>>> print(open('target.pdb').read())   # PDB, C-alpha atoms
ATOM      1  CA  MET A   1       0.000   0.000   0.000  1.00  0.00           C
ATOM      2  CA  ILE A   2       1.434   3.353  -1.069  1.00  0.00           C
ATOM      3  CA  LEU A   3      -0.061   6.555   0.342  1.00  0.00           C
ATOM      4  CA  THR A   4       0.768  10.036  -0.896  1.00  0.00           C
ATOM      5  CA  ASP A   5       0.820  13.168   1.256  1.00  0.00           C
ATOM      6  CA  THR A   6       0.273  15.860  -1.369  1.00  0.00           C
ATOM      7  CA  HIS A   7       0.919  18.757   1.033  1.00  0.00           C
ATOM      8  CA  THR A   8       3.279  18.655   4.001  1.00  0.00           C
ATOM      9  CA  HIS A   9       5.636  21.273   5.460  1.00  0.00           C
ATOM     10  CA  LEU A  10       8.306  18.870   6.657  1.00  0.00           C
ATOM     11  CA  TYR A  11      10.878  21.681   6.725  1.00  0.00           C
ATOM     12  CA  SER A  12       8.883  23.416   9.492  1.00  0.00           C
ATOM     13  CA  SER A  13      10.758  24.348  12.657  1.00  0.00           C
ATOM     14  CA  GLN A  14       8.136  22.285  14.529  1.00  0.00           C
ATOM     15  CA  PHE A  15      10.028  19.217  13.310  1.00  0.00           C
ATOM     16  CA  ALA A  16      13.482  20.527  14.238  1.00  0.00           C
ATOM     17  CA  GLU A  17      13.985  18.016  17.054  1.00  0.00           C
ATOM     18  CA  ASP A  18      12.732  14.839  15.354  1.00  0.00           C
ATOM     19  CA  ARG A  19      12.378  15.423  11.606  1.00  0.00           C
ATOM     20  CA  GLN A  20      14.035  12.157  10.543  1.00  0.00           C
ATOM     21  CA  GLU A  21      11.932  10.144  12.968  1.00  0.00           C
ATOM     22  CA  VAL A  22       8.739  11.818  11.727  1.00  0.00           C
ATOM     23  CA  ILE A  23       9.570  11.046   8.102  1.00  0.00           C
ATOM     24  CA  GLN A  24      10.555   7.464   8.871  1.00  0.00           C
ATOM     25  CA  ALA A  25       7.367   6.916  10.886  1.00  0.00           C
ATOM     26  CA  ALA A  26       5.346   7.984   7.847  1.00  0.00           C
ATOM     27  CA  ILE A  27       7.344   5.766   5.486  1.00  0.00           C
ATOM     28  CA  ASP A  28       6.838   2.845   7.851  1.00  0.00           C
ATOM     29  CA  LYS A  29       3.062   3.355   7.520  1.00  0.00           C
ATOM     30  CA  GLY A  30       3.218   3.301   3.724  1.00  0.00           C
ATOM     31  CA  VAL A  31       3.413   7.048   3.111  1.00  0.00           C
ATOM     32  CA  ALA A  32       6.097   6.902   0.448  1.00  0.00           C
ATOM     33  CA  ARG A  33       5.494  10.175  -1.411  1.00  0.00           C
ATOM     34  CA  PHE A  34       5.683  13.644   0.153  1.00  0.00           C
ATOM     35  CA  PHE A  35       4.972  16.802  -1.839  1.00  0.00           C
ATOM     36  CA  ILE A  36       6.452  19.900  -0.230  1.00  0.00           C
ATOM     37  CA  PRO A  37       4.927  23.366  -0.840  1.00  0.00           C
ATOM     38  CA  ALA A  38       6.971  26.560  -0.701  1.00  0.00           C
ATOM     39  CA  ILE A  39       6.269  29.593   1.493  1.00  0.00           C
ATOM     40  CA  ASP A  40       8.761  32.245   0.377  1.00  0.00           C
ATOM     41  CA  SER A  41      12.460  32.484  -0.495  1.00  0.00           C
ATOM     42  CA  SER A  42      13.609  32.196   3.125  1.00  0.00           C
ATOM     43  CA  TYR A  43      12.481  28.528   3.243  1.00  0.00           C
ATOM     44  CA  ALA A  44      14.105  27.385  -0.004  1.00  0.00           C
ATOM     45  CA  ASN A  45      17.370  26.042   1.411  1.00  0.00           C
ATOM     46  CA  ARG A  46      15.490  23.980   4.015  1.00  0.00           C
ATOM     47  CA  MET A  47      13.450  22.445   1.207  1.00  0.00           C
ATOM     48  CA  TYR A  48      16.516  21.640  -0.872  1.00  0.00           C
ATOM     49  CA  ASP A  49      18.241  20.032   2.111  1.00  0.00           C
ATOM     50  CA  LEU A  50      15.216  17.785   2.667  1.00  0.00           C
ATOM     51  CA  GLU A  51      15.128  16.802  -0.977  1.00  0.00           C
ATOM     52  CA  ALA A  52      18.830  15.899  -0.889  1.00  0.00           C
ATOM     53  CA  GLN A  53      18.280  13.629   2.127  1.00  0.00           C
ATOM     54  CA  TYR A  54      15.160  11.878   0.774  1.00  0.00           C
ATOM     55  CA  SER A  55      15.460  12.126  -3.003  1.00  0.00           C
ATOM     56  CA  GLU A  56      13.305   9.009  -3.546  1.00  0.00           C
ATOM     57  CA  ASN A  57      10.406  10.273  -1.439  1.00  0.00           C
ATOM     58  CA  ILE A  58      10.338  14.072  -1.407  1.00  0.00           C
ATOM     59  CA  PHE A  59       9.149  16.206  -4.311  1.00  0.00           C
ATOM     60  CA  LEU A  60       9.244  19.994  -4.224  1.00  0.00           C
ATOM     61  CA  MET A  61       6.931  22.782  -5.295  1.00  0.00           C
ATOM     62  CA  MET A  62       7.963  26.414  -5.633  1.00  0.00           C
ATOM     63  CA  GLY A  63       5.810  29.500  -5.167  1.00  0.00           C
ATOM     64  CA  LEU A  64       4.907  32.464  -2.983  1.00  0.00           C
ATOM     65  CA  HIS A  65       2.334  31.765  -0.245  1.00  0.00           C
ATOM     66  CA  PRO A  66      -0.444  34.405  -0.178  1.00  0.00           C
ATOM     67  CA  CYS A  67       0.215  35.267   3.488  1.00  0.00           C
ATOM     68  CA  TYR A  68       3.739  36.263   2.447  1.00  0.00           C
ATOM     69  CA  VAL A  69       2.642  38.561  -0.371  1.00  0.00           C
ATOM     70  CA  LYS A  70       3.949  41.815   1.079  1.00  0.00           C
ATOM     71  CA  GLU A  71       5.539  45.041  -0.177  1.00  0.00           C
ATOM     72  CA  ASN A  72       8.459  43.027  -1.581  1.00  0.00           C
ATOM     73  CA  TYR A  73       6.253  40.620  -3.549  1.00  0.00           C
ATOM     74  CA  GLU A  74       7.846  41.547  -6.878  1.00  0.00           C
ATOM     75  CA  GLU A  75      11.236  40.549  -5.514  1.00  0.00           C
ATOM     76  CA  GLU A  76       9.786  37.284  -4.194  1.00  0.00           C
ATOM     77  CA  LEU A  77       8.092  36.501  -7.507  1.00  0.00           C
ATOM     78  CA  ALA A  78      11.370  37.166  -9.292  1.00  0.00           C
ATOM     79  CA  PHE A  79      13.006  34.592  -6.999  1.00  0.00           C
ATOM     80  CA  VAL A  80      10.290  32.049  -7.821  1.00  0.00           C
ATOM     81  CA  GLU A  81      10.715  32.631 -11.544  1.00  0.00           C
ATOM     82  CA  ALA A  82      14.498  32.333 -11.290  1.00  0.00           C
ATOM     83  CA  GLU A  83      14.239  29.045  -9.423  1.00  0.00           C
ATOM     84  CA  PHE A  84      11.954  27.579 -12.078  1.00  0.00           C
ATOM     85  CA  ALA A  85      14.450  28.602 -14.743  1.00  0.00           C
ATOM     86  CA  ARG A  86      17.245  26.954 -12.741  1.00  0.00           C
ATOM     87  CA  ARG A  87      15.822  23.560 -11.724  1.00  0.00           C
ATOM     88  CA  LYS A  88      12.883  21.146 -11.733  1.00  0.00           C
ATOM     89  CA  PHE A  89       9.789  21.377  -9.547  1.00  0.00           C
ATOM     90  CA  TYR A  90       6.554  19.401  -9.589  1.00  0.00           C
ATOM     91  CA  ALA A  91       4.045  22.212  -9.039  1.00  0.00           C
ATOM     92  CA  VAL A  92       3.663  25.947  -8.437  1.00  0.00           C
ATOM     93  CA  GLY A  93       2.562  26.275  -4.851  1.00  0.00           C
ATOM     94  CA  GLU A  94       1.333  27.027  -2.485  1.00  0.00           C
ATOM     95  CA  ILE A  95      -0.323  30.019  -4.079  1.00  0.00           C
ATOM     96  CA  GLY A  96      -3.721  31.658  -3.769  1.00  0.00           C
ATOM     97  CA  ILE A  97      -5.550  34.170  -1.600  1.00  0.00           C
ATOM     98  CA  ASP A  98      -5.876  34.398   2.184  1.00  0.00           C
ATOM     99  CA  LEU A  99      -8.238  37.002   3.650  1.00  0.00           C
ATOM    100  CA  TYR A 100      -8.237  35.612   7.185  1.00  0.00           C
ATOM    101  CA  TRP A 101      -5.093  37.389   8.333  1.00  0.00           C
ATOM    102  CA  ASP A 102      -4.902  40.494   6.163  1.00  0.00           C
ATOM    103  CA  LYS A 103      -7.533  41.870   3.784  1.00  0.00           C
ATOM    104  CA  THR A 104      -5.458  44.954   2.900  1.00  0.00           C
ATOM    105  CA  THR A 105      -3.191  42.960   0.574  1.00  0.00           C
ATOM    106  CA  LEU A 106      -6.035  41.515  -1.517  1.00  0.00           C
ATOM    107  CA  GLU A 107      -5.136  43.310  -4.733  1.00  0.00           C
ATOM    108  CA  ILE A 108      -1.471  42.299  -4.702  1.00  0.00           C
ATOM    109  CA  GLN A 109      -2.438  38.775  -3.602  1.00  0.00           C
ATOM    110  CA  LYS A 110      -4.593  38.544  -6.744  1.00  0.00           C
ATOM    111  CA  VAL A 111      -1.734  39.801  -8.892  1.00  0.00           C
ATOM    112  CA  ALA A 112       0.710  37.304  -7.380  1.00  0.00           C
ATOM    113  CA  PHE A 113      -1.803  34.458  -7.731  1.00  0.00           C
ATOM    114  CA  GLN A 114      -2.508  35.145 -11.388  1.00  0.00           C
ATOM    115  CA  ARG A 115       1.157  35.655 -12.269  1.00  0.00           C
ATOM    116  CA  GLN A 116       2.035  32.319 -10.686  1.00  0.00           C
ATOM    117  CA  ILE A 117      -0.800  30.538 -12.499  1.00  0.00           C
ATOM    118  CA  GLN A 118       0.667  31.884 -15.727  1.00  0.00           C
ATOM    119  CA  LEU A 119       4.091  30.611 -14.646  1.00  0.00           C
ATOM    120  CA  ALA A 120       2.612  27.154 -14.086  1.00  0.00           C
ATOM    121  CA  LYS A 121       1.144  27.199 -17.579  1.00  0.00           C
ATOM    122  CA  LYS A 122       4.521  28.194 -19.023  1.00  0.00           C
ATOM    123  CA  TYR A 123       6.102  25.089 -17.487  1.00  0.00           C
ATOM    124  CA  LYS A 124       2.989  22.906 -17.984  1.00  0.00           C
ATOM    125  CA  LEU A 125       2.765  22.277 -14.248  1.00  0.00           C
ATOM    126  CA  PRO A 126      -0.092  22.023 -11.743  1.00  0.00           C
ATOM    127  CA  ILE A 127      -0.872  24.709  -9.196  1.00  0.00           C
ATOM    128  CA  ASN A 128      -1.461  24.104  -5.492  1.00  0.00           C
ATOM    129  CA  ILE A 129      -4.097  26.523  -4.202  1.00  0.00           C
ATOM    130  CA  HIS A 130      -4.281  28.000  -0.704  1.00  0.00           C
ATOM    131  CA  CYS A 131      -7.730  29.488  -0.005  1.00  0.00           C
ATOM    132  CA  ARG A 132      -8.865  30.934   3.298  1.00  0.00           C
ATOM    133  CA  ASP A 133     -12.000  33.069   3.512  1.00  0.00           C
ATOM    134  CA  ALA A 134     -11.550  33.756  -0.199  1.00  0.00           C
ATOM    135  CA  PHE A 135     -13.510  31.299  -2.363  1.00  0.00           C
ATOM    136  CA  ASN A 136     -15.138  34.036  -4.459  1.00  0.00           C
ATOM    137  CA  GLU A 137     -11.828  35.817  -5.005  1.00  0.00           C
ATOM    138  CA  ILE A 138     -10.056  32.558  -5.915  1.00  0.00           C
ATOM    139  CA  PHE A 139     -12.774  31.615  -8.396  1.00  0.00           C
ATOM    140  CA  GLU A 140     -12.644  35.100  -9.923  1.00  0.00           C
ATOM    141  CA  VAL A 141      -8.946  34.630 -10.775  1.00  0.00           C
ATOM    142  CA  LEU A 142      -9.427  31.022 -11.929  1.00  0.00           C
ATOM    143  CA  GLU A 143     -12.180  32.183 -14.268  1.00  0.00           C
ATOM    144  CA  LEU A 144      -9.732  34.605 -15.884  1.00  0.00           C
ATOM    145  CA  GLU A 145      -7.199  31.805 -16.397  1.00  0.00           C
ATOM    146  CA  LYS A 146      -9.552  28.922 -17.207  1.00  0.00           C
ATOM    147  CA  ASP A 147      -8.301  26.789 -20.113  1.00  0.00           C
ATOM    148  CA  ASP A 148      -6.962  23.306 -20.828  1.00  0.00           C
ATOM    149  CA  ASP A 149      -3.592  24.202 -19.278  1.00  0.00           C
ATOM    150  CA  LEU A 150      -5.091  25.064 -15.882  1.00  0.00           C
ATOM    151  CA  PHE A 151      -5.021  22.153 -13.425  1.00  0.00           C
ATOM    152  CA  GLY A 152      -3.854  21.322  -9.936  1.00  0.00           C
ATOM    153  CA  ILE A 153      -5.002  20.789  -6.357  1.00  0.00           C
ATOM    154  CA  PHE A 154      -7.336  22.872  -4.209  1.00  0.00           C
ATOM    155  CA  HIS A 155      -5.309  22.368  -1.027  1.00  0.00           C
ATOM    156  CA  CYS A 156      -7.067  21.793   2.300  1.00  0.00           C
ATOM    157  CA  PHE A 157     -10.500  21.989   0.746  1.00  0.00           C
ATOM    158  CA  SER A 158     -13.057  23.125   3.322  1.00  0.00           C
ATOM    159  CA  GLY A 159     -15.908  24.498   1.233  1.00  0.00           C
ATOM    160  CA  ASP A 160     -19.393  23.197   0.475  1.00  0.00           C
ATOM    161  CA  LEU A 161     -20.597  20.854  -2.283  1.00  0.00           C
ATOM    162  CA  GLU A 162     -21.245  23.656  -4.759  1.00  0.00           C
ATOM    163  CA  GLN A 163     -17.774  25.112  -4.180  1.00  0.00           C
ATOM    164  CA  ALA A 164     -16.253  21.647  -4.543  1.00  0.00           C
ATOM    165  CA  GLN A 165     -17.945  21.161  -7.886  1.00  0.00           C
ATOM    166  CA  LYS A 166     -16.832  24.609  -9.024  1.00  0.00           C
ATOM    167  CA  ALA A 167     -13.214  23.908  -8.029  1.00  0.00           C
ATOM    168  CA  ILE A 168     -13.333  20.645  -9.994  1.00  0.00           C
ATOM    169  CA  SER A 169     -14.701  22.511 -13.020  1.00  0.00           C
ATOM    170  CA  TYR A 170     -11.450  24.509 -13.109  1.00  0.00           C
ATOM    171  CA  GLY A 171      -9.373  21.324 -13.365  1.00  0.00           C
ATOM    172  CA  MET A 172      -8.660  20.979  -9.655  1.00  0.00           C
ATOM    173  CA  LYS A 173      -8.473  17.888  -7.485  1.00  0.00           C
ATOM    174  CA  LEU A 174      -9.619  18.404  -3.898  1.00  0.00           C
ATOM    175  CA  GLY A 175      -6.896  18.084  -1.273  1.00  0.00           C
ATOM    176  CA  ILE A 176      -8.540  16.362   1.691  1.00  0.00           C
ATOM    177  CA  GLY A 177      -6.850  16.395   5.092  1.00  0.00           C
ATOM    178  CA  GLY A 178      -7.637  16.420   8.790  1.00  0.00           C
ATOM    179  CA  VAL A 179     -10.697  18.662   8.414  1.00  0.00           C
ATOM    180  CA  VAL A 180     -12.667  15.665   7.096  1.00  0.00           C
ATOM    181  CA  THR A 181     -12.362  14.087  10.571  1.00  0.00           C
ATOM    182  CA  PHE A 182     -13.607  17.175  12.475  1.00  0.00           C
ATOM    183  CA  LYS A 183     -17.162  17.149  13.884  1.00  0.00           C
ATOM    184  CA  ASN A 184     -17.657  20.703  12.631  1.00  0.00           C
ATOM    185  CA  GLY A 185     -15.670  20.222   9.417  1.00  0.00           C
ATOM    186  CA  LYS A 186     -18.858  19.557   7.405  1.00  0.00           C
ATOM    187  CA  ILE A 187     -17.118  18.232   4.275  1.00  0.00           C
ATOM    188  CA  ASP A 188     -17.730  14.673   5.511  1.00  0.00           C
ATOM    189  CA  GLN A 189     -21.465  15.339   4.983  1.00  0.00           C
ATOM    190  CA  PHE A 190     -21.178  15.536   1.186  1.00  0.00           C
ATOM    191  CA  LEU A 191     -17.745  14.273   0.167  1.00  0.00           C
ATOM    192  CA  ASN A 192     -18.985  10.871  -1.011  1.00  0.00           C
ATOM    193  CA  GLN A 193     -21.130  12.732  -3.564  1.00  0.00           C
ATOM    194  CA  ILE A 194     -17.835  13.712  -5.247  1.00  0.00           C
ATOM    195  CA  ASP A 195     -16.320  11.041  -7.492  1.00  0.00           C
ATOM    196  CA  ILE A 196     -13.170   9.817  -5.758  1.00  0.00           C
ATOM    197  CA  LYS A 197     -11.228  10.402  -8.979  1.00  0.00           C
ATOM    198  CA  HIS A 198     -11.213  14.064  -7.919  1.00  0.00           C
ATOM    199  CA  ILE A 199      -9.683  13.444  -4.452  1.00  0.00           C
ATOM    200  CA  VAL A 200      -6.095  13.468  -3.189  1.00  0.00           C
ATOM    201  CA  LEU A 201      -4.881  13.081   0.395  1.00  0.00           C
ATOM    202  CA  GLU A 202      -2.814  15.542   2.396  1.00  0.00           C
ATOM    203  CA  THR A 203      -1.918  16.484   5.955  1.00  0.00           C
ATOM    204  CA  ASP A 204      -0.710  20.124   5.821  1.00  0.00           C
ATOM    205  CA  ALA A 205       1.621  18.998   8.621  1.00  0.00           C
ATOM    206  CA  PRO A 206       2.384  20.397  11.144  1.00  0.00           C
ATOM    207  CA  TYR A 207      -1.073  22.039  10.959  1.00  0.00           C
ATOM    208  CA  LEU A 208      -4.658  20.689  11.125  1.00  0.00           C
ATOM    209  CA  ALA A 209      -4.003  17.310  12.722  1.00  0.00           C
ATOM    210  CA  PRO A 210      -6.883  14.862  12.294  1.00  0.00           C
ATOM    211  CA  VAL A 211      -8.875  13.379  15.147  1.00  0.00           C
ATOM    212  CA  PRO A 212      -7.721  11.968  17.599  1.00  0.00           C
ATOM    213  CA  HIS A 213      -4.686  14.280  17.402  1.00  0.00           C
ATOM    214  CA  ARG A 214      -6.632  17.498  16.764  1.00  0.00           C
ATOM    215  CA  GLY A 215      -4.958  20.488  18.370  1.00  0.00           C
ATOM    216  CA  LYS A 216      -1.559  18.797  18.436  1.00  0.00           C
ATOM    217  CA  ARG A 217       1.264  18.774  15.896  1.00  0.00           C
ATOM    218  CA  ASN A 218       0.245  17.092  12.668  1.00  0.00           C
ATOM    219  CA  GLU A 219       2.521  14.542  10.987  1.00  0.00           C
ATOM    220  CA  SER A 220       2.585  12.947   7.552  1.00  0.00           C
ATOM    221  CA  ALA A 221       1.983   9.524   9.116  1.00  0.00           C
ATOM    222  CA  TYR A 222      -1.495  10.772  10.053  1.00  0.00           C
ATOM    223  CA  VAL A 223      -2.534  10.750   6.387  1.00  0.00           C
ATOM    224  CA  THR A 224      -3.495   7.150   7.224  1.00  0.00           C
ATOM    225  CA  LEU A 225      -6.255   8.552   9.466  1.00  0.00           C
ATOM    226  CA  VAL A 226      -7.554  10.664   6.596  1.00  0.00           C
ATOM    227  CA  ALA A 227      -7.518   7.582   4.366  1.00  0.00           C
ATOM    228  CA  GLN A 228      -9.416   5.648   7.039  1.00  0.00           C
ATOM    229  CA  LYS A 229     -12.119   8.332   7.183  1.00  0.00           C
ATOM    230  CA  LEU A 230     -12.468   8.268   3.388  1.00  0.00           C
ATOM    231  CA  SER A 231     -12.675   4.488   3.544  1.00  0.00           C
ATOM    232  CA  GLU A 232     -15.736   4.887   5.780  1.00  0.00           C
ATOM    233  CA  LEU A 233     -17.306   7.624   3.633  1.00  0.00           C
ATOM    234  CA  TYR A 234     -16.841   5.850   0.305  1.00  0.00           C
ATOM    235  CA  GLY A 235     -17.329   2.285   1.500  1.00  0.00           C
ATOM    236  CA  LEU A 236     -13.951   1.237   0.091  1.00  0.00           C
ATOM    237  CA  SER A 237     -11.014  -0.503   1.734  1.00  0.00           C
ATOM    238  CA  ILE A 238      -8.181   1.700   2.938  1.00  0.00           C
ATOM    239  CA  GLU A 239      -5.948  -0.075   0.405  1.00  0.00           C
ATOM    240  CA  GLU A 240      -8.290   0.964  -2.406  1.00  0.00           C
ATOM    241  CA  ILE A 241      -8.404   4.542  -1.097  1.00  0.00           C
ATOM    242  CA  ALA A 242      -4.586   4.562  -1.071  1.00  0.00           C
ATOM    243  CA  ARG A 243      -4.391   3.176  -4.615  1.00  0.00           C
ATOM    244  CA  ILE A 244      -6.918   5.568  -6.130  1.00  0.00           C
ATOM    245  CA  THR A 245      -5.707   8.732  -4.400  1.00  0.00           C
ATOM    246  CA  THR A 246      -2.057   7.969  -5.131  1.00  0.00           C
ATOM    247  CA  ASN A 247      -2.954   7.404  -8.797  1.00  0.00           C
ATOM    248  CA  ASN A 248      -4.796  10.742  -8.718  1.00  0.00           C
ATOM    249  CA  SER A 249      -1.653  12.409  -7.352  1.00  0.00           C
ATOM    250  CA  LYS A 250       0.406  10.832 -10.142  1.00  0.00           C
ATOM    251  CA  GLU A 251      -2.031  12.267 -12.661  1.00  0.00           C
ATOM    252  CA  ILE A 252      -1.517  15.748 -11.214  1.00  0.00           C
ATOM    253  CA  PHE A 253       2.205  15.760 -10.481  1.00  0.00           C
ATOM    254  CA  GLY A 254       3.328  13.513 -13.322  1.00  0.00           C
ATOM    255  CA  ILE A 255       5.388  11.254 -11.054  1.00  0.00           C
TER     256      ILE A 255
END
>>> encode(input="target.pdb", output="structure tokens")
Amino acid sequence: MILTDTHTHLYSSQFAEDRQEVIQAAIDKGVARFFIPAIDSSYANRMYDLEAQYSENIFLMMGLHPCYVKENYEEELAFVEAEFARRKFYAVGEIGIDLYWDKTTLEIQKVAFQRQIQLAKKYKLPINIHCRDAFNEIFEVLELEKDDDLFGIFHCFSGDLEQAQKAISYGMKLGIGGVVTFKNGKIDQFLNQIDIKHIVLETDAPYLAPVPHRGKRNESAYVTLVAQKLSELYGLSIEEIARITTNNSKEIFGI
């Protein structure tokens, strides 16, 4: 059984004391593929170090996270573009719009999001979307860029059925993580109405740990708990959930 964590911040300082143990624990549970999103340029060397240590298991994205779209965003976007010109990545991410922390940067967040979508199209790569309190704004930008070259993952999907269907219409898979195990997460109420061909698994570690670890540090090994919840929702074995969602991730990332 091979599971894929399509979104995990294994370079986070929250893993500073036991990073190797955390990664090995996940591998021991069948989580053999880890896709690592970028935040901004200050995290790049940590990502490259991880890749060098686990070249068979770790696959990198590059992008500018919407919460880090600040006054220097042009400089950060130039870094992203330079890195894509220099080496291989598997997606542009995580990118998008976040209006939870700071609404004043909306306009430059939209600019950065659209520019990075266009970068993904240039390299024929998927995007990895971060959306918080911003579904309408995200869809507005996706509508501008909608074509056959637009595809990717709607990371940490937490919307309703209509929003899920709209995300899928833009060529997105839904990244399902710990939220599906929360009593107030709500996506468990309709998720089995979505064809599982549109679903990939993720943790967003160290954030959003699934039940029974909610409120504690999340780990990539816990993607097994997400798979178990989907097994219940779809009436499929956990092995079948692993097979289908890993195949879905291969379709997106090309590896």
>>> resolve_selection(input="target.pdb", expression="the PyMOL selection byres ((chain A and resi 41-50) around 10)", output="PyMOL selection string")
chain A and resi 9-13+19-20+36-40+51-55+57-64+68+75-77+79-80+83
>>> atom_distance(input="target.pdb", atom1="CA of Ile196 in chain A", atom2="CA of Pro126 in chain A")
18.9 Å
>>> resolve_selection(input="target.pdb", expression="the PyMOL selection byres ((chain A and resi 110-123) around 8)", output="list in words")
Gly63, Leu64, Pro66, Val69, Tyr73, Leu77, Glu81, Ala91, Val92, Ile95, Gly96, Ile97, Leu106, Glu107, Ile108, Gln109, Lys124, Leu125, Pro126, Ile127, Glu137, Val141, Glu145, Asp149 and Leu150 of chain A
>>> write_last_selection(input="target.pdb", atoms="C-alpha atoms", output="mmCIF file, keeping the file's coordinate frame")
data_model
loop_
_atom_site.group_PDB
_atom_site.id
_atom_site.type_symbol
_atom_site.label_atom_id
_atom_site.label_comp_id
_atom_site.auth_asym_id
_atom_site.auth_seq_id
_atom_site.Cartn_x
_atom_site.Cartn_y
_atom_site.Cartn_z
ATOM 1 C CA GLY A 63 5.810 29.500 -5.167
ATOM 2 C CA LEU A 64 4.907 32.464 -2.983
ATOM 3 C CA PRO A 66 -0.444 34.405 -0.178
ATOM 4 C CA VAL A 69 2.642 38.561 -0.371
ATOM 5 C CA TYR A 73 6.253 40.620 -3.549
ATOM 6 C CA LEU A 77 8.092 36.501 -7.507
ATOM 7 C CA GLU A 81 10.715 32.631 -11.544
ATOM 8 C CA ALA A 91 4.045 22.212 -9.039
ATOM 9 C CA VAL A 92 3.663 25.947 -8.437
ATOM 10 C CA ILE A 95 -0.323 30.019 -4.079
ATOM 11 C CA GLY A 96 -3.721 31.658 -3.769
ATOM 12 C CA ILE A 97 -5.550 34.170 -1.600
ATOM 13 C CA LEU A 106 -6.035 41.515 -1.517
ATOM 14 C CA GLU A 107 -5.136 43.310 -4.733
ATOM 15 C CA ILE A 108 -1.471 42.299 -4.702
ATOM 16 C CA GLN A 109 -2.438 38.775 -3.602
ATOM 17 C CA LYS A 124 2.989 22.906 -17.984
ATOM 18 C CA LEU A 125 2.765 22.277 -14.248
ATOM 19 C CA PRO A 126 -0.092 22.023 -11.743
ATOM 20 C CA ILE A 127 -0.872 24.709 -9.196
ATOM 21 C CA GLU A 137 -11.828 35.817 -5.005
ATOM 22 C CA VAL A 141 -8.946 34.630 -10.775
ATOM 23 C CA GLU A 145 -7.199 31.805 -16.397
ATOM 24 C CA ASP A 149 -3.592 24.202 -19.278
ATOM 25 C CA LEU A 150 -5.091 25.064 -15.882
#
>>> closest_residue(input="target.pdb", among="A:Ile27, A:Ile138, A:Ile2, A:Ala205", to="Ile241 in chain A", atoms="only C-alpha atoms")
A:Ile2
>>> resolve_selection(input="target.pdb", expression="the PyMOL selection byres ((chain A and resi 242) around 9)", output="NGL selection string")
:A and (1-4 or 201 or 224 or 227 or 237-241 or 243-247)
>>> residues_around(input="target.pdb", residues="Ile199 in chain A", least_positions_apart="6", cutoff="7 Å", atoms="all atoms listed in the file", output="PyMOL selection string")
chain A and resi 173-176+245
>>> atom_distance(input="target.pdb", atom1="CA of Val180 in chain A", atom2="CA of Val211 in chain A")
9.2 Å
>>> atom_distance(input="target.pdb", atom1="CA of His198 in chain A", atom2="CA of Gly215 in chain A")
27.8 Å
>>> residues_around(input="target.pdb", residues="range 218-221 of chain A", least_positions_apart="5", cutoff="9 Å", atoms="only C-alpha atoms", output="MDAnalysis selection string")
chainID A and resid 5 7:8 10 22:31 34 178 202:210 213
>>> closest_residue(input="target.pdb", among="A:Val200, A:Ile255, A:Leu225, A:Cys131", to="Ile153 in chain A", atoms="all atoms listed in the file")
A:Val200
>>> closest_residue(input="target.pdb", among="A:Asn128, A:Glu21, A:Arg87, A:Glu74", to="Phe253 in chain A", atoms="all atoms listed in the file")
A:Asn128
>>> closest_residue(input="target.pdb", among="A:Glu17, A:Glu140, A:Thr6, A:Lys216", to="Glu94 in chain A", atoms="all atoms listed in the file")
A:Thr6
>>> axis_aligned_box(input="target.pdb", around="range 184-194 of chain A", padding_each_side="5 Å", output="JSON")
{"center_x": -18.6, "center_y": 15.8, "center_z": 3.7, "size_x": 15.8, "size_y": 19.8, "size_z": 27.9}
>>> decode(input="target.pdb", residues="range 187-194 of chain A", atoms="N, CA, C and O atoms", output="compact mmCIF listing (two decimals), in the first residue's frame")
# COMPACT_ATOMS: atom_id res chain seq x y z
N ILE A 187 -17.34 18.82 5.60
CA ILE A 187 -17.12 18.23 4.28
C ILE A 187 -17.43 16.73 4.27
O ILE A 187 -17.74 16.18 3.21
N ASP A 188 -17.39 16.10 5.44
CA ASP A 188 -17.73 14.67 5.51
C ASP A 188 -19.21 14.43 5.18
O ASP A 188 -19.59 13.30 4.85
N GLN A 189 -20.03 15.49 5.23
CA GLN A 189 -21.46 15.34 4.98
C GLN A 189 -21.80 15.19 3.51
O GLN A 189 -22.89 14.74 3.15
N PHE A 190 -20.88 15.61 2.62
CA PHE A 190 -21.18 15.54 1.19
C PHE A 190 -20.06 14.92 0.35
O PHE A 190 -20.24 14.69 -0.85
N LEU A 191 -18.92 14.63 0.97
CA LEU A 191 -17.74 14.27 0.17
C LEU A 191 -18.00 13.05 -0.71
O LEU A 191 -17.53 13.00 -1.85
N ASN A 192 -18.77 12.08 -0.20
CA ASN A 192 -18.99 10.87 -1.01
C ASN A 192 -19.90 11.11 -2.21
O ASN A 192 -20.13 10.21 -3.01
N GLN A 193 -20.41 12.35 -2.34
CA GLN A 193 -21.13 12.73 -3.56
C GLN A 193 -20.17 13.18 -4.66
O GLN A 193 -20.58 13.38 -5.81
N ILE A 194 -18.88 13.35 -4.29
CA ILE A 194 -17.83 13.71 -5.25
C ILE A 194 -17.14 12.43 -5.69
O ILE A 194 -16.71 11.63 -4.85
